[in-house]
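Visitor: Input query.txt, format and content: compact mmCIF, C-alpha atoms and all ligand atoms.
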```txt
# COMPACT_ATOMS: atom_id res chain seq x y z
CA MET H 1 -12.34 48.60 -8.13
CA PHE H 2 -10.85 51.99 -8.78
CA THR H 3 -13.11 54.92 -7.93
CA PRO H 4 -12.94 58.53 -9.11
CA GLU H 5 -12.05 59.28 -5.49
CA ASP H 6 -9.00 56.97 -5.78
CA ALA H 7 -7.93 58.83 -8.91
CA ARG H 8 -8.30 62.18 -7.13
CA PHE H 9 -6.30 60.95 -4.14
CA ASP H 10 -3.57 59.67 -6.44
CA ARG H 11 -3.29 63.03 -8.18
CA GLN H 12 -3.16 64.98 -4.95
CA HIS H 13 -0.97 62.79 -2.76
CA ILE H 14 1.16 60.34 -4.72
CA TRP H 15 4.34 60.99 -6.62
CA HIS H 16 4.92 58.92 -9.74
CA PRO H 17 8.36 58.60 -11.39
CA TYR H 18 9.70 61.98 -12.50
CA THR H 19 6.43 63.86 -12.10
CA SER H 20 5.26 67.12 -10.70
CA MET H 21 2.85 67.11 -7.77
CA GLN H 22 1.37 70.34 -9.06
CA ASP H 23 0.34 69.35 -12.55
CA PRO H 24 0.88 65.63 -13.03
CA LEU H 25 0.23 63.94 -16.35
CA PRO H 26 -2.69 61.49 -16.25
CA CYS H 27 -2.10 58.02 -14.79
CA TYR H 28 -3.98 54.98 -16.04
CA PRO H 29 -5.33 52.65 -13.33
CA VAL H 30 -4.30 49.02 -13.93
CA VAL H 31 -6.11 46.40 -11.87
CA ALA H 32 -4.73 43.14 -13.29
CA ALA H 33 -2.06 41.86 -15.64
CA HIS H 34 -1.60 38.50 -17.32
CA GLY H 35 0.67 37.26 -20.07
CA PHE H 36 1.49 40.26 -22.27
CA GLN H 37 -1.60 42.23 -21.28
CA LEU H 38 -2.43 44.91 -18.75
CA GLN H 39 -6.06 45.29 -17.71
CA LEU H 40 -7.34 48.78 -17.01
CA ALA H 41 -9.93 49.48 -14.32
CA ASP H 42 -12.57 50.09 -17.01
CA GLY H 43 -11.99 46.58 -18.37
CA ARG H 44 -9.91 47.46 -21.44
CA GLU H 45 -6.92 45.22 -22.17
CA LEU H 46 -3.66 46.77 -23.37
CA VAL H 47 -0.85 44.91 -25.13
CA ASP H 48 2.26 45.62 -23.06
CA GLY H 49 5.25 46.94 -25.00
CA MET H 50 7.37 47.86 -21.98
CA SER H 51 7.76 44.75 -19.78
CA SER H 52 7.33 47.23 -16.90
CA TRP H 53 10.71 48.79 -17.70
CA TRP H 54 12.70 45.75 -18.88
CA ALA H 55 11.54 43.55 -15.99
CA ALA H 56 8.55 41.33 -16.85
CA ILE H 57 10.35 39.18 -19.43
CA HIS H 58 8.22 36.05 -18.88
CA GLY H 59 4.95 38.01 -18.88
CA TYR H 60 2.63 38.84 -16.00
CA ASN H 61 0.96 36.48 -13.56
CA HIS H 62 3.18 33.59 -14.65
CA PRO H 63 1.95 30.44 -12.88
CA ARG H 64 5.47 29.17 -12.10
CA LEU H 65 6.66 32.49 -10.71
CA ASN H 66 3.45 32.79 -8.68
CA ARG H 67 3.94 29.29 -7.31
CA ALA H 68 7.56 29.99 -6.34
CA LEU H 69 6.39 33.02 -4.42
CA THR H 70 3.54 31.34 -2.55
CA GLN H 71 5.66 28.29 -1.70
CA GLN H 72 8.35 30.52 -0.23
CA MET H 73 5.74 32.57 1.60
CA ALA H 74 4.44 29.41 3.30
CA GLN H 75 7.99 28.82 4.66
CA MET H 76 9.05 32.38 5.52
CA SER H 77 8.69 35.72 3.79
CA HIS H 78 11.67 37.42 5.28
CA VAL H 79 14.47 36.94 7.74
CA MET H 80 17.53 39.11 8.33
CA PHE H 81 20.66 38.22 6.34
CA GLY H 82 23.14 39.24 9.03
CA GLY H 83 24.32 36.04 10.71
CA ILE H 84 21.59 34.06 8.93
CA THR H 85 21.40 32.44 5.51
CA HIS H 86 18.63 30.53 3.75
CA PRO H 87 18.09 28.09 0.87
CA ALA H 88 16.58 30.61 -1.57
CA ALA H 89 19.57 32.97 -1.36
CA VAL H 90 22.04 30.11 -1.77
CA ALA H 91 20.14 28.68 -4.75
CA LEU H 92 19.95 32.09 -6.41
CA CYS H 93 23.61 33.00 -5.91
CA ARG H 94 24.65 29.56 -7.16
CA GLN H 95 22.63 30.18 -10.34
CA LEU H 96 24.10 33.67 -10.77
CA VAL H 97 27.65 32.41 -10.37
CA THR H 98 26.95 29.63 -12.87
CA MET H 99 25.31 31.74 -15.58
CA THR H 100 27.73 34.71 -15.50
CA PRO H 101 31.40 34.59 -16.66
CA ALA H 102 33.52 32.15 -14.63
CA ALA H 103 35.66 34.88 -13.01
CA LEU H 104 32.62 36.43 -11.29
CA GLU H 105 32.17 34.28 -8.22
CA CYS H 106 31.23 36.55 -5.31
CA VAL H 107 27.67 37.91 -5.06
CA PHE H 108 26.20 40.81 -3.12
CA LEU H 109 22.38 40.87 -3.07
CA ALA H 110 20.92 44.38 -3.24
CA ASP H 111 17.34 45.56 -3.12
CA SER H 112 17.21 47.64 -6.30
CA GLY H 113 19.27 48.46 -9.35
CA SER H 114 20.43 51.79 -7.97
CA VAL H 115 21.63 50.10 -4.80
CA ALA H 116 23.49 47.49 -6.87
CA VAL H 117 25.27 50.38 -8.63
CA GLU H 118 26.09 52.07 -5.30
CA VAL H 119 27.49 48.76 -4.12
CA SER H 120 29.59 48.34 -7.27
CA MET H 121 31.11 51.81 -6.88
CA LYS H 122 31.75 51.25 -3.19
CA MET H 123 33.45 47.95 -4.07
CA ALA H 124 35.77 49.83 -6.43
CA LEU H 125 36.62 52.43 -3.75
CA GLN H 126 37.28 49.77 -1.13
CA TYR H 127 39.32 47.72 -3.61
CA TRP H 128 41.77 50.61 -3.94
CA LEU H 129 41.80 51.18 -0.17
CA GLY H 130 42.70 47.51 0.15
CA ARG H 131 45.64 48.20 -2.14
CA GLY H 132 46.70 51.10 0.05
CA GLU H 133 45.59 53.83 -2.34
CA THR H 134 42.79 56.37 -2.22
CA ARG H 135 41.14 56.53 -5.61
CA GLN H 136 37.75 58.13 -5.88
CA GLN H 137 37.13 59.00 -9.50
CA PHE H 138 35.19 57.14 -12.13
CA LEU H 139 35.29 57.33 -15.90
CA THR H 140 32.03 56.77 -17.72
CA LEU H 141 30.12 57.65 -20.91
CA LYS H 142 27.85 60.55 -21.68
CA ARG H 143 24.24 59.46 -22.29
CA GLY H 144 24.57 56.79 -19.61
CA TYR H 145 22.00 55.91 -16.98
CA HIS H 146 22.81 54.09 -13.74
CA GLY H 147 19.99 54.94 -11.33
CA ASP H 148 18.67 57.77 -9.18
CA THR H 149 20.62 57.53 -5.92
CA PHE H 150 23.48 59.99 -5.54
CA ALA H 151 26.52 57.90 -6.42
CA ALA H 152 24.63 56.34 -9.33
CA MET H 153 23.42 59.76 -10.44
CA SER H 154 26.98 61.11 -10.42
CA VAL H 155 27.81 58.77 -13.33
CA CYS H 156 24.55 59.37 -15.26
CA ASP H 157 24.58 61.70 -18.24
CA PRO H 158 25.29 65.17 -16.78
CA GLU H 159 22.52 66.86 -18.79
CA ASN H 160 19.78 64.23 -18.60
CA SER H 161 20.18 63.91 -14.85
CA MET H 162 20.63 67.64 -14.33
CA HIS H 163 23.99 67.60 -12.61
CA SER H 164 23.73 71.40 -12.55
CA LEU H 165 21.06 71.05 -9.82
CA TRP H 166 23.49 69.24 -7.51
CA ARG H 167 26.66 71.19 -8.14
CA GLY H 168 28.91 71.12 -5.09
CA TYR H 169 27.08 68.14 -3.68
CA LEU H 170 27.49 65.50 -6.37
CA PRO H 171 30.97 64.04 -6.82
CA GLU H 172 32.43 65.02 -10.19
CA HIS H 173 33.65 62.25 -12.45
CA HIS H 174 34.99 62.02 -16.00
CA PHE H 175 32.75 61.63 -19.05
CA ALA H 176 33.76 60.43 -22.49
CA GLU H 177 31.56 61.29 -25.47
CA ALA H 178 28.87 58.66 -25.99
CA PRO H 179 30.00 56.17 -28.64
CA ALA H 180 28.89 57.36 -32.09
CA CYS H 181 29.48 54.12 -33.96
CA GLY H 182 26.27 52.06 -33.92
CA PHE H 183 26.05 48.32 -33.25
CA ASP H 184 25.55 47.48 -36.94
CA ASP H 185 27.83 50.22 -38.34
CA GLU H 186 31.29 49.62 -39.67
CA TRP H 187 33.77 50.21 -36.82
CA GLN H 188 35.54 53.58 -36.92
CA SER H 189 38.60 53.46 -34.69
CA GLN H 190 38.47 57.22 -33.95
CA ASP H 191 35.22 56.58 -32.04
CA PHE H 192 37.41 55.49 -29.15
CA ASP H 193 39.84 58.43 -29.23
CA VAL H 194 38.26 60.59 -26.50
CA PHE H 195 37.88 57.68 -24.13
CA ALA H 196 41.48 56.59 -24.79
CA ARG H 197 42.76 60.07 -24.03
CA LEU H 198 40.71 60.46 -20.82
CA ILE H 199 41.68 57.09 -19.37
CA GLU H 200 45.35 57.71 -20.09
CA GLN H 201 45.22 61.19 -18.63
CA HIS H 202 43.44 60.21 -15.38
CA GLN H 203 44.73 56.67 -14.89
CA GLN H 204 46.36 57.51 -11.54
CA GLN H 205 43.15 58.88 -9.99
CA LEU H 206 40.62 56.49 -11.49
CA ALA H 207 39.11 53.71 -9.39
CA ALA H 208 37.08 52.19 -12.21
CA VAL H 209 35.26 52.61 -15.47
CA ILE H 210 31.51 52.18 -15.21
CA LEU H 211 29.24 51.82 -18.23
CA GLU H 212 26.23 50.07 -19.69
CA PRO H 213 27.59 47.49 -22.14
CA ILE H 214 26.34 47.82 -25.77
CA VAL H 215 22.95 49.39 -24.96
CA GLN H 216 22.68 52.80 -23.35
CA GLY H 217 19.13 52.57 -22.04
CA ALA H 218 17.28 55.38 -20.27
CA GLY H 219 19.90 57.90 -21.45
CA GLY H 220 18.91 57.56 -25.10
CA MET H 221 18.29 53.95 -26.15
CA ARG H 222 21.51 53.82 -28.17
CA PHE H 223 23.25 50.62 -29.35
CA TYR H 224 26.99 50.96 -29.74
CA HIS H 225 29.71 48.95 -31.42
CA PRO H 226 31.14 45.88 -29.63
CA ARG H 227 34.66 47.01 -30.64
CA TYR H 228 34.21 50.04 -28.38
CA LEU H 229 33.51 47.80 -25.41
CA GLN H 230 36.48 45.57 -26.27
CA GLN H 231 38.73 48.62 -26.33
CA VAL H 232 37.41 49.76 -22.96
CA ARG H 233 38.30 46.34 -21.56
CA GLU H 234 41.79 46.48 -23.08
CA ALA H 235 42.38 49.99 -21.75
CA CYS H 236 41.25 48.99 -18.23
CA ASP H 237 43.66 46.06 -18.35
CA ARG H 238 46.50 48.27 -19.59
CA TYR H 239 46.12 50.71 -16.68
CA GLY H 240 45.07 48.17 -14.05
CA LEU H 241 41.59 49.66 -13.63
CA LEU H 242 38.39 47.86 -12.73
CA LEU H 243 35.57 47.66 -15.26
CA ILE H 244 32.02 47.81 -13.89
CA ALA H 245 29.36 46.60 -16.34
CA ASP H 246 25.86 47.80 -15.48
CA GLU H 247 23.67 45.09 -17.05
CA ILE H 248 20.61 46.02 -15.02
CA ALA H 249 18.67 46.74 -18.21
CA THR H 250 20.51 44.48 -20.67
CA GLY H 251 20.93 41.34 -18.56
CA PHE H 252 18.95 38.13 -18.99
CA GLY H 253 18.57 37.94 -22.74
CA ARG H 254 17.12 41.30 -23.77
CA THR H 255 19.82 42.08 -26.37
CA GLY H 256 19.79 38.59 -27.88
CA ARG H 257 22.66 37.35 -25.70
CA LEU H 258 22.23 36.36 -22.07
CA PHE H 259 24.42 39.35 -21.12
CA ALA H 260 25.31 42.24 -23.43
CA CYS H 261 29.04 41.84 -22.58
CA GLU H 262 28.91 38.62 -24.63
CA HIS H 263 28.53 40.68 -27.84
CA ALA H 264 32.10 41.86 -27.23
CA ASP H 265 33.27 38.65 -25.58
CA ILE H 266 34.53 40.48 -22.50
CA THR H 267 34.28 39.87 -18.76
CA PRO H 268 33.86 42.83 -16.41
CA ASP H 269 35.46 42.90 -12.94
CA ILE H 270 32.15 43.89 -11.40
CA LEU H 271 28.71 43.15 -12.85
CA CYS H 272 25.37 44.69 -11.80
CA VAL H 273 22.11 42.91 -12.58
CA GLY H 274 18.53 43.77 -11.59
CA LYS H 275 15.26 44.54 -13.36
CA ALA H 276 14.49 41.15 -15.04
CA LEU H 277 16.22 39.20 -12.26
CA THR H 278 12.88 38.28 -10.65
CA GLY H 279 10.96 38.30 -13.92
CA GLY H 280 9.47 41.59 -12.80
CA MET H 281 7.78 40.14 -9.72
CA MET H 282 9.77 41.73 -6.88
CA THR H 283 12.49 44.30 -6.48
CA LEU H 284 15.90 42.61 -6.33
CA ALA H 285 19.33 43.22 -7.79
CA ALA H 286 22.82 41.81 -7.40
CA THR H 287 26.43 42.89 -7.78
CA LEU H 288 28.95 40.19 -8.69
CA THR H 289 32.71 40.41 -8.61
CA THR H 290 35.89 38.38 -8.78
CA ARG H 291 37.61 36.59 -5.92
CA GLU H 292 40.55 38.95 -6.31
CA VAL H 293 38.43 42.09 -5.89
CA ALA H 294 36.59 40.53 -2.93
CA ASP H 295 39.85 39.51 -1.24
CA THR H 296 41.41 42.92 -1.80
CA ILE H 297 38.35 44.65 -0.31
CA SER H 298 38.84 42.56 2.83
CA ARG H 299 42.36 43.98 3.16
CA SER H 300 41.00 47.55 3.45
CA ALA H 301 41.04 49.10 6.96
CA ALA H 302 37.36 48.21 7.43
CA GLY H 303 38.29 44.52 7.07
CA CYS H 304 34.94 43.83 5.44
CA PHE H 305 32.67 45.17 2.75
CA MET H 306 30.76 48.10 4.26
CA HIS H 307 27.20 47.49 3.11
CA GLY H 308 24.19 45.54 4.41
CA PRO H 309 20.60 46.55 3.65
CA THR H 310 17.76 45.58 5.99
CA PHE H 311 16.00 43.51 3.34
CA MET H 312 19.18 42.01 1.91
CA GLY H 313 18.55 38.60 0.38
CA ASN H 314 14.79 38.82 0.91
CA PRO H 315 13.62 35.19 0.61
CA LEU H 316 10.49 35.96 -1.41
CA ALA H 317 12.49 37.92 -3.98
CA CYS H 318 15.24 35.27 -4.07
CA ALA H 319 12.76 32.42 -4.51
CA VAL H 320 10.99 34.07 -7.41
CA ALA H 321 14.36 35.00 -8.98
CA VAL H 322 15.43 31.35 -8.76
CA GLU H 323 12.32 30.36 -10.74
CA SER H 324 12.79 33.19 -13.25
CA LEU H 325 16.41 32.11 -13.89
CA THR H 326 15.29 28.48 -14.11
CA LEU H 327 12.80 29.50 -16.82
CA LEU H 328 15.63 31.30 -18.63
CA ALA H 329 17.94 28.30 -18.31
CA GLU H 330 15.35 26.19 -20.13
CA GLY H 331 16.42 28.25 -23.14
CA GLU H 332 13.12 29.19 -24.79
CA TRP H 333 14.09 32.88 -24.51
CA GLN H 334 16.65 32.49 -27.30
CA ARG H 335 14.03 31.50 -29.85
CA GLN H 336 11.59 34.11 -28.51
CA VAL H 337 14.04 37.02 -28.55
CA ALA H 338 15.33 36.05 -32.01
CA ALA H 339 11.75 35.93 -33.32
CA ILE H 340 10.95 39.35 -31.81
CA GLU H 341 14.14 40.76 -33.35
CA ARG H 342 13.26 39.36 -36.80
CA GLN H 343 9.76 40.73 -36.64
CA LEU H 344 10.87 44.15 -35.39
CA ARG H 345 13.41 44.35 -38.21
CA ALA H 346 10.72 43.46 -40.75
CA GLU H 347 7.95 45.69 -39.37
CA LEU H 348 9.56 48.54 -37.40
CA LEU H 349 12.55 49.41 -39.61
CA PRO H 350 10.28 50.52 -42.53
CA LEU H 351 9.02 53.37 -40.31
CA ARG H 352 12.37 55.02 -41.13
CA SER H 353 10.72 56.63 -44.15
CA ALA H 354 8.08 58.45 -42.06
CA PRO H 355 8.69 62.22 -42.04
CA GLN H 356 8.63 62.49 -38.21
CA VAL H 357 11.35 59.84 -37.87
CA ALA H 358 15.08 60.49 -37.41
CA ASP H 359 16.16 56.87 -36.88
CA VAL H 360 14.84 53.38 -36.21
CA ARG H 361 17.01 50.72 -34.61
CA VAL H 362 16.53 47.17 -33.39
CA LEU H 363 18.67 44.92 -31.23
CA GLY H 364 17.37 41.70 -29.71
CA ALA H 365 13.94 42.33 -28.20
CA ILE H 366 14.39 46.12 -28.26
CA GLY H 367 12.95 48.36 -30.97
CA VAL H 368 13.48 52.12 -30.97
CA VAL H 369 11.92 54.86 -33.07
CA GLU H 370 13.75 58.15 -32.63
CA THR H 371 11.73 61.15 -33.79
CA HIS H 372 12.87 64.61 -34.87
CA ARG H 373 10.67 66.40 -32.35
CA ALA H 374 10.02 65.54 -28.71
CA VAL H 375 6.79 63.65 -28.11
CA ASN H 376 3.77 65.30 -26.57
CA MET H 377 3.63 62.75 -23.78
CA ALA H 378 0.02 63.25 -22.64
CA ALA H 379 -1.43 63.23 -26.15
CA LEU H 380 0.64 60.30 -27.36
CA GLN H 381 0.05 58.22 -24.24
CA GLN H 382 -3.70 58.70 -24.60
CA PHE H 383 -3.55 57.77 -28.28
CA PHE H 384 -1.67 54.55 -27.50
CA VAL H 385 -4.19 53.57 -24.81
CA GLU H 386 -7.02 54.19 -27.29
CA GLN H 387 -5.19 51.88 -29.72
CA GLY H 388 -5.12 49.18 -27.02
CA VAL H 389 -1.38 49.25 -26.36
CA TRP H 390 0.86 50.27 -23.48
CA ILE H 391 3.88 52.16 -24.83
CA ARG H 392 5.57 54.81 -22.70
CA PRO H 393 7.63 57.20 -24.82
CA PHE H 394 10.06 59.81 -23.51
CA GLY H 395 11.82 62.75 -25.11
CA ARG H 396 12.31 61.92 -28.79
CA LEU H 397 12.07 58.17 -28.22
CA ILE H 398 9.21 55.77 -28.80
CA TYR H 399 10.46 52.32 -28.00
CA LEU H 400 9.38 48.73 -27.47
CA MET H 401 10.78 46.06 -25.18
CA PRO H 402 7.90 43.58 -24.89
CA PRO H 403 7.77 40.48 -22.71
CA TYR H 404 9.56 37.61 -24.47
CA ILE H 405 6.30 35.62 -24.56
CA ILE H 406 4.48 38.16 -26.75
CA THR H 407 2.74 36.69 -29.82
CA PRO H 408 3.48 37.88 -33.39
CA GLN H 409 -0.06 39.34 -33.65
CA ALA H 410 0.33 41.34 -30.44
CA LEU H 411 3.76 42.58 -31.51
CA SER H 412 2.31 43.73 -34.83
CA LYS H 413 -0.35 45.61 -32.92
CA LEU H 414 2.37 47.49 -31.02
CA VAL H 415 4.24 48.37 -34.21
CA GLN H 416 1.05 49.43 -36.00
CA ALA H 417 0.14 51.72 -33.11
CA ILE H 418 3.53 53.44 -33.43
CA GLY H 419 3.06 53.75 -37.21
CA ALA H 420 -0.36 55.31 -36.70
CA ALA H 421 0.94 57.64 -33.97
CA LEU H 422 3.57 59.05 -36.33
CA GLU H 423 0.83 60.28 -38.67
CA HIS H 424 -0.46 62.93 -36.27
CA SER H 425 1.73 65.97 -35.75
CA SER H 426 -0.27 66.82 -32.61
CA HIS H 427 1.59 63.93 -30.93
CA PHE H 428 4.79 65.94 -31.08
CA ALA H 429 5.98 69.19 -29.58
CA ASP H 430 6.38 72.19 -31.88
C1 LIG E 1 16.95 50.93 -14.25
C2 LIG E 1 18.42 50.99 -14.22
C3 LIG E 1 19.13 51.23 -13.03
C4 LIG E 1 18.44 51.54 -11.72
O1 LIG E 1 17.66 50.48 -11.26
P1 LIG E 1 16.48 50.76 -10.21
O2 LIG E 1 15.98 49.40 -9.86
O3 LIG E 1 15.48 51.62 -10.92
O4 LIG E 1 17.09 51.46 -9.05
C5 LIG E 1 20.50 51.24 -13.09
N1 LIG E 1 21.15 51.00 -14.25
C6 LIG E 1 20.52 50.77 -15.40
C7 LIG E 1 21.30 50.50 -16.64
C8 LIG E 1 19.13 50.76 -15.43
O5 LIG E 1 18.48 50.55 -16.60
```
How does the structure come out when it is put into C-alpha cells?

Guide:
Amino acid sequence: MFTPEDARFDRQHIWHPYTSMQDPLPCYPVVAAHGFQLQLADGRELVDGMSSWWAAIHGYNHPRLNRALTQQMAQMSHVMFGGITHPAAVALCRQLVTMTPAALECVFLADSGSVAVEVSMKMALQYWLGRGETRQQFLTLKRGYHGDTFAAMSVCDPENSMHSLWRGYLPEHHFAEAPACGFDDEWQSQDFDVFARLIEQHQQQLAAVILEPIVQGAGGMRFYHPRYLQQVREACDRYGLLLIADEIATGFGRTGRLFACEHADITPDILCVGKALTGGMMTLAATLTTREVADTISRSAAGCFMHGPTFMGNPLACAVAVESLTLLAEGEWQRQVAAIERQLRAELLPLRSAPQVADVRVLGAIGVVETHRAVNMAALQQFFVEQGVWIRPFGRLIYLMPPYIITPQALSKLVQAIGAALEHSSHFAD
C-alpha cells in the first residue's frame, strides 16, 4: 500500500540523496523486489539495472540471504562490540582475510562505505604518529569519489563535490589529473607524469595515496589503465607511503575480477570494501590492513586505534555478509559477470554511433553510455520507467550495473531502453 498521502508526505518531509526539499524530482514508490526486478506500488515490474548502487549483486529477496538474516535474528540482532565478540563477526572477518591479498590480515568493521574511508584515512594518520611523525596530507585523483562524510569528501573530486562550499573547513589535499589512458587503450607513459611529480614533490608531508582502483565510479564512471595503478604502487613503495584502495564500488566481482586491484596485480596497504559486502541487504563495510600498519598504529600515543561505532560488527549485517561471501566463493559470479560483459560489448558498444553519444565503455558487469549533453533527469527517468526498466542516470552518464543473476533477455531490455532513450532529444538538456 502506498497512498497519495504517503507520496505527499514524502515530498514535503523526506530528503532523498542529493535532492532539494523545495522542488524535488519525482520518486517512484517500490513495494517489493525479487530477483532482478523491482515492483512499483501500482503493480508494474521494472528490470533493475542498478543493483541499488552496486550492492544487490545476487538479486533481491534471495532465499539464502533471507535465511541467514532470520537465523541470526532468532539468536540475537545486535550486541555491542566493545568487550564482546560473536560468531558472525569472526566468520565474516575470517572470510575477508582469506579472500583478500595475504598481507591484509587485520579487519575493522564499519557501518557504511564513508565510515570505512574515514577509518582508512585515520589509520594512515595514526600510522605516521606511531612512527613519530605528523603527516596529514593525502594524494588522490581528480574525478574520484570516496563518500559524503567530511574526510571522505576532502578526497573526492573538488568540483563534483563542491569543495568551494567548504573552503576553510575541509582539509586541503593534493589532486593529480584523472588518468586519461583507458583500460583498453594502449598505455601512454606520460599519463603518469603529473602524479609522479606530485608524489615526489610532497613525499615528506604525505600520509598516503587514496584512490579507487581501475574504476572511478560516482565521479565519472571511468575505467583507467592497470599500468597507472602499478605505477602508483611503485611510487608509494619508493617513498614509503601507504596506498589506500577504495574498492567499495569495485569489490566482489563487479569488474570481472574479485577485486579491481587484481587487474594490476597489486596489493594495497589498506583496503576499503562495502556496498556489495552484504549482497545489498544491510549497511556494512570494512577496512582491512597489514599487520605492520596495525602494529605501528598501536605505537602511537593513543596506544590503540581511535574508532568504535555503536553498531560496529552488527550481527545481522555480519551474518548476511557471511552468506553473501559464501555465495561468491561458490564461483558462479565469474561466469555470470563474464556473460554480462560479453553481452554488453555486443549490444551496448554499437550505441557509439548514435548522435547523442560521446563514448560507450564496458568493463565486467558495468556498461556506460556517456552522452554529449547532460540528461534531463526527470524526463529520462520517467521514460525508463515507462519502458519497464530501472536505470538512474546522472550528468552525462547513463550506465548499467545489473545484479549478476540477470537473464540475457532482461539485460537486452535494459540496453534497448537506453537505445530508445537516445532517440529523443527531449531527454537531454539544451
Ligand atoms: C559509495 C562509495 C563510497 C561511500 O559509501 P557509502 O556506503 O555510500 O557511505 C565510498 N567510496 C566509493 C568508491 C563508493 O562507490

Visitor: Residues contacting ligand LIG 1 (chain E) - anything with an atom at most 6 Å away, using all atoms listed in the file - can you give me those as a list in words?

Guide: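 What falls inside 6 Å of ligand LIG 1 (chain E) is Ser112, Gly113, Ser114, Tyr145, His146, Gly147, Glu212, Gly217, Asp246, Glu247, Ile248 and Ala249 of chain H.
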
Visitor: Please work out which residues fall within 12 Å of (40.6, 46.8, -19.3), coordinates as given in the file, with only C-alpha atoms counting, and return them as an NGL selection string.

Guide: :H and (196 or 199-200 or 203 or 208-210 or 228-245 or 266-270)

Visitor: Just the number, please: distance in Å from CA of Gln409 (chain H) to CA of Ser51 (chain H), one decimal.

Guide: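 Separating CA of Gln409 (chain H) from CA of Ser51 (chain H) is a distance of 16.8 Å.
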
Visitor: Need the shell around Pro171 (chain H): protein/DNA/RNA residues with any atom at most 8 Å away, counting all atoms listed in the file. Skip same-chain ones fewer than 3 positions apart. Format as a PyMOL selection string?

Guide: chain H and resi 151+154+168

Visitor: Go ahead and write the selection's residues with C-alpha atoms as a compact mmCIF listing (two decimals), in the coordinates of the input.

Guide:
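Below you can see result29.txt, which holds the result:
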```txt
# COMPACT_ATOMS: atom_id res chain seq x y z
CA ALA H 151 26.52 57.90 -6.42
CA SER H 154 26.98 61.11 -10.42
CA GLY H 168 28.91 71.12 -5.09
```

Visitor: Between H:Thr296, H:Ser353, H:Thr70, H:Gln136, which residue has the minimum interatomic distance to Gln204 (chain H), considering only C-alpha atoms?

Guide: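 For Gln204 (chain H), the nearest of the candidates is H:Gln136.
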